[in-house]
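K.L.:
Mind having a look at this structure? Questions to follow.
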Number of protein chains: 4
Amino acid sequence: MKLADRRRDALNAMMVEAIYGAAIRVLTEHGLDGMTMDRVAAAAEVAKGSLYNYFRNKKELVEFVHQRLLDPMRETIEEILRSDRPAPRKLEAMIRAWFDYVAEHRAVFTLFFQDHGTRVLLETSDHHESALALAVRDTAAALEQGVAEGAFRPLDVEAVAHMLVGAVRQMFERQFASDSTSADEGMVGTVFEVFLRGIQAAR
Amino acid sequence: MKLADRRRDALNAMMVEAIYGAAIRVLTEHGLDGMTMDRVAAAAEVAKGSLYNYFRNKKELVEFVHQRLLDPMRETIEEILRSDRPAPRKLEAMIRAWFDYVAEHRAVFTLFFQDHGTRVLLETSDHHESALALAVRDTAAALEQGVAEGAFRPLDVEAVAHMLVGAVRQMFERQFASDSTSADEGMVGTVFEVFLRGIQAAR
Amino acid sequence: MKLADRRRDALNAMMVEAIYGAAIRVLTEHGLDGMTMDRVAAAAEVAKGSLYNYFRNKKELVEFVHQRLLDPMRETIEEILRSDRPAPRKLEAMIRAWFDYVAEHRAVFTLFFQDHGTRVLLETSDHHESALALAVRDTAAALEQGVAEGAFRPLDVEAVAHMLVGAVRQMFERQFASDSTSADEGMVGTVFEVFLRGIQAAR
Amino acid sequence: MKLADRRRDALNAMMVEAIYGAAIRVLTEHGLDGMTMDRVAAAAEVAKGSLYNYFRNKKELVEFVHQRLLDPMRETIEEILRSDRPAPRKLEAMIRAWFDYVAEHRAVFTLFFQDHGTRVLLETSDHHESALALAVRDTAAALEQGVAEGAFRPLDVEAVAHMLVGAVRQMFERQFASDSTSADEGMVGTVFEVFLRGIQAAR
DNA sequence: CATGAATGAGTTTTCATTCAT
DNA sequence: GATGAATGAAAACTCATTCAT
C-alpha cells in the first residue's frame with residue numbers, strides 16, 4: 001500500500017512538474033495572453049483534458065505556476081531580511097537576488113512583473129500576493145530598518161520602496177529588450193549606488 | 001477636384017477622430033483586453049465594418065491610438081528638453097509632466113505603461129516606439145545634458161534613465177491601486193529628490 | 001432609410017424564423033438534451049457564431065422557441081376561457097384544443113411538457129411560465145367557474161386541474177409512443193367523459 | 001471451486017449493491033443530468049474504472065438502477081393485483097402505494113417519472129419497461145377486472161389507465177414543486193374519488 | 001464609403017470510456 | 001479484479017475579419 005501510494009504520488013508530482021514546465025515554456029514564448037490550455041497541453045505532450053486532472057481550471061494552474069515560481073525568490077529575500085546585516089547591505093543583497101533570479105527565469109518576468117495580467121487572472125483569489133507587491137513590501141521593510149538605524153534619511157518609505165522596485169523592474173525590461181539573458185553585474189551596482197546616495201543620511 | 005479631395009480628407013479625419021475618442025473611452029472603461037472592435041464601433045456610433053475602412057486591422061487601430069495619445073506628451077516633454085533650463089530643472093519638469101498626464105488620462109496608463117499588452121499587440125510593428133521607450137530616451141537626454149554640465153556624476157545614462165522611468169511607472173501603479181485618481185504633488189517631490197541626490201555630482 | 005430599414009428587419013425576421021425552424025427540427029429529432037447550438041446551426045445552414053447574432057445565448061434561444069410555440073395555444077385557450085360557454089363546454093373545448101395543438105407540433109410536447117428539462121434551462125427566467133403551469137392555471141379557472149355555476153361538485157380545484165392536465169399529458173405520450181401522429185377524436189371523448197362524470201354535481 | 005464461485009458471486013453482488021446505493025444518493029442529490037460516473041464512483045467509494053467491471057457503460061448502470069428501484073413497487077402492485085379485493089379497492093390501494101413509494105424515494109420520481117430523460121438514456125434498450133409503462137399496464141389490469149365485474153362502465157381501458165397514471169404523476173410534480181416531501185392523504189382521496197365517479201357503472 | 005450580418009477558428013471546460021499497472 | 005490517470009470528442013460562447021448590398 002505504502003509503496004503503491006508513494007509510486008502514485010511520485011508520478012503525480014512528475015506530471016505536475018511536466019505541466020509546470022510546459023506552462024513556463026508557453027509563458028516564455030507566448031506571454032500570459034498566449035498561454036492557452038491547448039498550448040500548455042501540447043507543450044506538455046499531454047491531452048488537454050489531462051490538465052484538468054491536476055488543476056481544476058486555468059486560474060488554478062496560473063496560481064500554481066505563480067506560487068511555484070515565486071517561492072524560491074520569496075525565501076531568498078526573506079532570508080536576507082532576517083539576517084543581521086545593516087540595511088544598506090540588505091538592500092544591495094535583495095537587488096542582487098532579484099537580478100539573479102530574473103536572469104534565470106525569463107518567464108518570471110513575463111508573468112509576475114506584468115502586474116495587470118496577473119491581477120486580472122488571479123483577482124478573486126484572496127491568499128494571493130503579486131510578485132511586485134511582495135517585492136515592495138520587503139523593500140519597505142529594509143528601508144524602514146535603515147531609517148530606524150539612522151543609515152537612511154527619514155523617508156516616505158512606501159513610496160521609495162515602489163520606486164526602487166520599479167527601477168529594478170524597468171532594468172529587467174531593458175535587459176530583455178536587448179536580448180541579453182545574462183545578469184549584468186553593472187546593473188546591480190548602478191541601481192544600488194543611485195538609490196543609496198539618494199536616500200542615505202547626510203554624512 | 002482639389003475641393004473634393006480636401007472635403008474627403010476632412011471627413012476622413014473626423015472619422016478617425018471619432019474612432020480614436022471611442023477607443024479611448026472603451027480602453028478607460030474596459031481595459032486593453034476588453035477593447036473589442038464591437039465596443040469601439042458602438043462607442044463611435046459607427047458600423048463595425050467601417051472601422052476597417054480607416055484601420056486595416058485591430059493592431060493598426062491600437063497603434064494609432066497609442067501614437068495619438070502619446071503625441072501631446074511627447075511634445076510637452078520635447079519642449080522641456082529644448083528649453084534652456086539646467087538639467088535638474090528639466091528632469092523635475094519632465095517628472096511633473098508625466099504625473100500630470102497620467103493623472104489626466106487613466107487609459108494612458110492602462111495601455112501604454114502596461115508594456116506587455118502593447119508589446120504583444122504591436123510586436124511586429126517596426127516604426128513604433130512605446131511610451132516607455134520614449135520616456136527613457138528623453139530622460140536619457142536630460143541626464144546626458146546634466147552630466148555634460150557637470151551637474152550629475154558620470155553615469156551609465158541609459159541605465160539611470162530606465163531606473164527613473166521605472167520608478168515613476170511604479171508610482172503610477174501604486175496610485176491606481178489606491179484608487180486615488182488625482183496626482184499627488186508629494187510623489188513628484190519624492191521621486192525627484194531621491195534621484196537628484198542619487199545622481200548629482202559631489203558638491 | 002425607411003426602405004433599407006424595412007429590408008433589414010425583414011431579413012432579420014427571416015433569419016430568426018430559419019433558426020426557429022431549425023431549432024424545432026432539432027428538438028423534434030434529438031429532444032431538448034440533444035439540442036446543441038452546433039446542431040441548430042447546421043439545421044439552419046448557418047454558422048454557429050451567427051446564432052449568437054440573434055440570441056445572446058442558448059437560454060434565450062430556448063426561451064424564444066418556447067414562447068413562440070406556446071403563444072398560439074395560449075391565445076386559443078384564453079379565447080375559450082373568455083367565451084360565455086358553460087364550464088363543461090369550456091373544459092371540453094380546451095382539451096380538444098390541446099390535442100389538436102400537440103398533434104400538430106410534436107416538438108411542443110418534447111419541449112413543453114417535459115417539465116423538468118425546461119425548468120432547468122429556464123429556471124432563472126422570471127417572466128416565464130411553463131406550458132404545464134399555464135395549462136393547469138387555465139384548467140383551474142374553468143373548474144372554478146363550473147363549481148360556481150353549480151355544474152361541478154365542490155372540489156380541490158387546483159388538485160383536479162393538475163389531474164386533468166396530467167391525464168391529457170399522458171395521453172399525448174401514449175400517442176407518440178404509438179407513433180400515430182394524428183389526433184384521435186376518441187381520446188378527447190374519453191378524457192372529457194371520465195372527468196366530467198368524475199366531477200359533475202349530483203343530478 | 002464451487003466455494004470460490006459462490007464467494008465471488010457474493011462479493012460481486014455486494015459491489016453491485018454498493019454502486020446501486022451510490023447511484024441513488026447521487027440521483028437524489030444531483031438529478032439525472034448531474035449523475036456522472038465520477039460522482040457515482042466517489043459516492044460508492046470505488047474507483048471510477050471499477051464501475052465498468054460491473055456495468056458495461058452508463059446506460060447499463062442506469063437501466064439497472066431503474067429496475068432495482070422499480071422492483072419493490074412492482075411487487076407491491078402485483079400483490080395488490082393478485083389479491084381478491086374488488087376492483088375499486090385495488091385501484092385505491094395502488095394509488096395509495098404509488099404515493100407512498102414516491103414520497104419515500106424522491107429519486108424515483110426524478111428518474112422514472114421524468115420519462116424523457118430515461119427514454120433518451122434507455123432508448124435503445126428493448127427489454128426495458130419504464131415505470132410509467134408498468135404503472136399503466138397494472139392500472140389497465142385493475143380496470144379490466146372492474147369492467148368485467150360490472151363495477152366500471154365499459155371503457156377504453158388502456159386510455160383510462162394512461163389518464164389515471166398521468167393524473168397521479170402530475171400530482172407528484174405538484175407535490176415536489178411545493179417542496180412538501182410528505183405524502184398527502186388528501187391527494188389519494190381526491191384522485192380516487194374523481195376517477196371512481198368518472199368510471200363507475202351507473203347505479 | 002457605410003453597413004452589419006456571416007463567418008469560423010479558437011477558448012475553456014466536462015465527462016464517458018479506456019487501459020497500463 | 002481494482003485502480004485512477006489519460007484521453008478526446010463535445011459543448012457553449014467570443015471576436016477579428018470579410019463581404020454583399
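To be explicit about the labels: the chains of the C-alpha cells are called A, B, and onward in the order shown, and within each one the residues are counted from 1, while ligands get numbers from 1 in the order they are shown.
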So that I can check the surroundings of DT7 (chain E), please list as a list in words every protein, DNA and RNA residue that reaches within 8 Å of it, counting only C-alpha atoms (C1' of nucleotides) and ignoring chain neighbours fewer than 2 positions away.
P.N.:
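Skipping anything fewer than 2 positions along the chain leaves Ala47, Gly49 and Ser50 of chain C.
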K.L.:
Selected residues, C-alpha atoms, written as a PDB file, in the first residue's frame, please.
P.N.:
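Generated file (out.pdb):
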```pdb
ATOM      1  CA  ALA C  47     -22.510  29.261 -38.955  1.00  0.00           C
ATOM      2  CA  GLY C  49     -21.492  32.061 -34.480  1.00  0.00           C
ATOM      3  CA  SER C  50     -24.410  33.516 -36.373  1.00  0.00           C
TER       4      SER C  50
END
```
K.L.:
How close does chain B get to chain A? List, as CSV, each residue of chain B within 8 Å, its nearest atom pair and the distance in Å to one decimal, counting only C-alpha atoms.
P.N.:
```
residue,atom,partner,partner_atom,distance
B:Gln114,CA,A:His116,CA,7.1
B:Asp115,CA,A:Gln114,CA,7.9
B:His116,CA,A:Gln114,CA,6.7
B:Asp156,CA,A:Thr190,CA,7.5
B:Ala159,CA,A:Met171,CA,7.1
B:Val160,CA,A:Thr190,CA,7.5
B:His162,CA,A:Gln170,CA,5.7
B:Met163,CA,A:Ala167,CA,3.9
B:Leu164,CA,A:Ala167,CA,6.2
B:Val165,CA,A:Ala167,CA,7.1
B:Gly166,CA,A:Ala167,CA,4.4
B:Ala167,CA,A:Met163,CA,3.9
B:Val168,CA,A:Met163,CA,6.6
B:Arg169,CA,A:Gly166,CA,6.6
B:Gln170,CA,A:Gly166,CA,4.9
B:Met171,CA,A:His162,CA,6.2
B:Arg174,CA,A:His162,CA,7.5
B:Met187,CA,A:Ala159,CA,7.6
B:Thr190,CA,A:Val160,CA,7.6
B:Val191,CA,A:Met163,CA,7.4
B:Glu193,CA,A:Gly198,CA,7.4
B:Val194,CA,A:Gly198,CA,4.4
B:Phe195,CA,A:Gly198,CA,5.7
B:Leu196,CA,A:Gly198,CA,6.9
B:Arg197,CA,A:Gly198,CA,4.5
B:Gly198,CA,A:Gly198,CA,3.8
B:Ile199,CA,A:Val194,CA,6.0
```
K.L.:
Near DA11 (chain F), counting only C-alpha atoms (C1' of nucleotides), which residues have an atom at most 10 Å away, once you skip same-chain residues fewer than 5 positions from it, shown as a ChimeraX atom specification?
P.N.:
/C:36-38 /E:13-14
K.L.:
Given a cut-off of 9 Å, which residues of chain E touch chain D, counting only C-alpha atoms (C1' of nucleotides), written out as an NGL selection string?
P.N.:
:E and (15-18)
K.L.:
Would you list the contacts of Leu91 (chain A) as an MDAnalysis selection string, taking every protein, DNA or RNA residue within 10 Å and counting only C-alpha atoms (C1' of nucleotides), but skipping same-chain residues closer than 5 positions in sequence?
P.N.:
chainID A and resid 77 80:81 85:86 96:97 138:143 146 164 192 195:196
K.L.:
Output N, CA and C atoms for every residue in that selection, as a tab-separated table (two decimals), in the first residue's frame.
P.N.:
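What follows is the written file out.tsv:
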```tsv
chain	number	residue	atom	x	y	z
A	77	ILE	N	14.69	36.19	-0.35
A	77	ILE	CA	14.55	37.56	0.12
A	77	ILE	C	14.29	37.60	1.62
A	80	ILE	N	17.34	37.09	3.53
A	80	ILE	CA	18.15	38.32	3.57
A	80	ILE	C	17.60	39.27	4.62
A	81	LEU	N	16.30	39.39	4.64
A	81	LEU	CA	15.69	40.31	5.59
A	81	LEU	C	15.96	39.89	7.04
A	85	ARG	N	22.54	41.86	8.75
A	85	ARG	CA	23.33	42.87	8.06
A	85	ARG	C	22.73	44.26	8.30
A	86	PRO	N	23.49	45.28	8.09
A	86	PRO	CA	22.92	46.63	8.12
A	86	PRO	C	22.01	46.82	6.89
A	96	ARG	N	20.47	42.32	-5.81
A	96	ARG	CA	21.27	41.31	-6.50
A	96	ARG	C	20.46	40.02	-6.67
A	97	ALA	N	19.73	39.64	-5.61
A	97	ALA	CA	18.93	38.41	-5.69
A	97	ALA	C	17.88	38.53	-6.79
A	138	ASP	N	8.85	43.85	0.99
A	138	ASP	CA	10.15	43.51	1.54
A	138	ASP	C	11.11	44.68	1.47
A	139	THR	N	11.04	45.38	0.36
A	139	THR	CA	11.91	46.56	0.24
A	139	THR	C	11.57	47.59	1.31
A	140	ALA	N	10.31	47.78	1.51
A	140	ALA	CA	9.89	48.75	2.53
A	140	ALA	C	10.43	48.36	3.89
A	141	ALA	N	10.43	47.05	4.15
A	141	ALA	CA	10.95	46.59	5.45
A	141	ALA	C	12.41	46.97	5.61
A	142	ALA	N	13.17	46.73	4.55
A	142	ALA	CA	14.59	47.06	4.62
A	142	ALA	C	14.79	48.56	4.79
A	143	LEU	N	13.99	49.32	4.08
A	143	LEU	CA	14.12	50.78	4.19
A	143	LEU	C	13.79	51.24	5.61
A	146	GLY	N	16.55	50.74	7.80
A	146	GLY	CA	17.61	51.71	7.55
A	146	GLY	C	17.30	53.06	8.17
A	164	LEU	N	12.04	51.96	-5.96
A	164	LEU	CA	13.17	51.04	-6.12
A	164	LEU	C	12.75	49.80	-6.91
A	192	PHE	N	21.96	50.17	-7.12
A	192	PHE	CA	22.24	50.31	-5.70
A	192	PHE	C	22.89	51.66	-5.38
A	195	PHE	N	20.44	54.68	-5.67
A	195	PHE	CA	19.47	54.74	-4.58
A	195	PHE	C	20.12	54.98	-3.24
A	196	LEU	N	21.27	54.37	-3.05
A	196	LEU	CA	21.92	54.56	-1.76
A	196	LEU	C	22.24	56.04	-1.53
```
K.L.:
So which residues of region 5-143 of chain C fall under helix (DSSP H, G or I) by DSSP, listed as a PyMOL selection string?
P.N.:
chain C and resi 5-30+37-44+48-54+58-82+87-104+106-112+115-121+131-143
K.L.:
So what do you get for CA of His66 (chain B) versus CA of Phe109 (chain B), distance-wise?
P.N.:
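Interatomic distance, CA of His66 (chain B) to CA of Phe109 (chain B): 10.8 Å.
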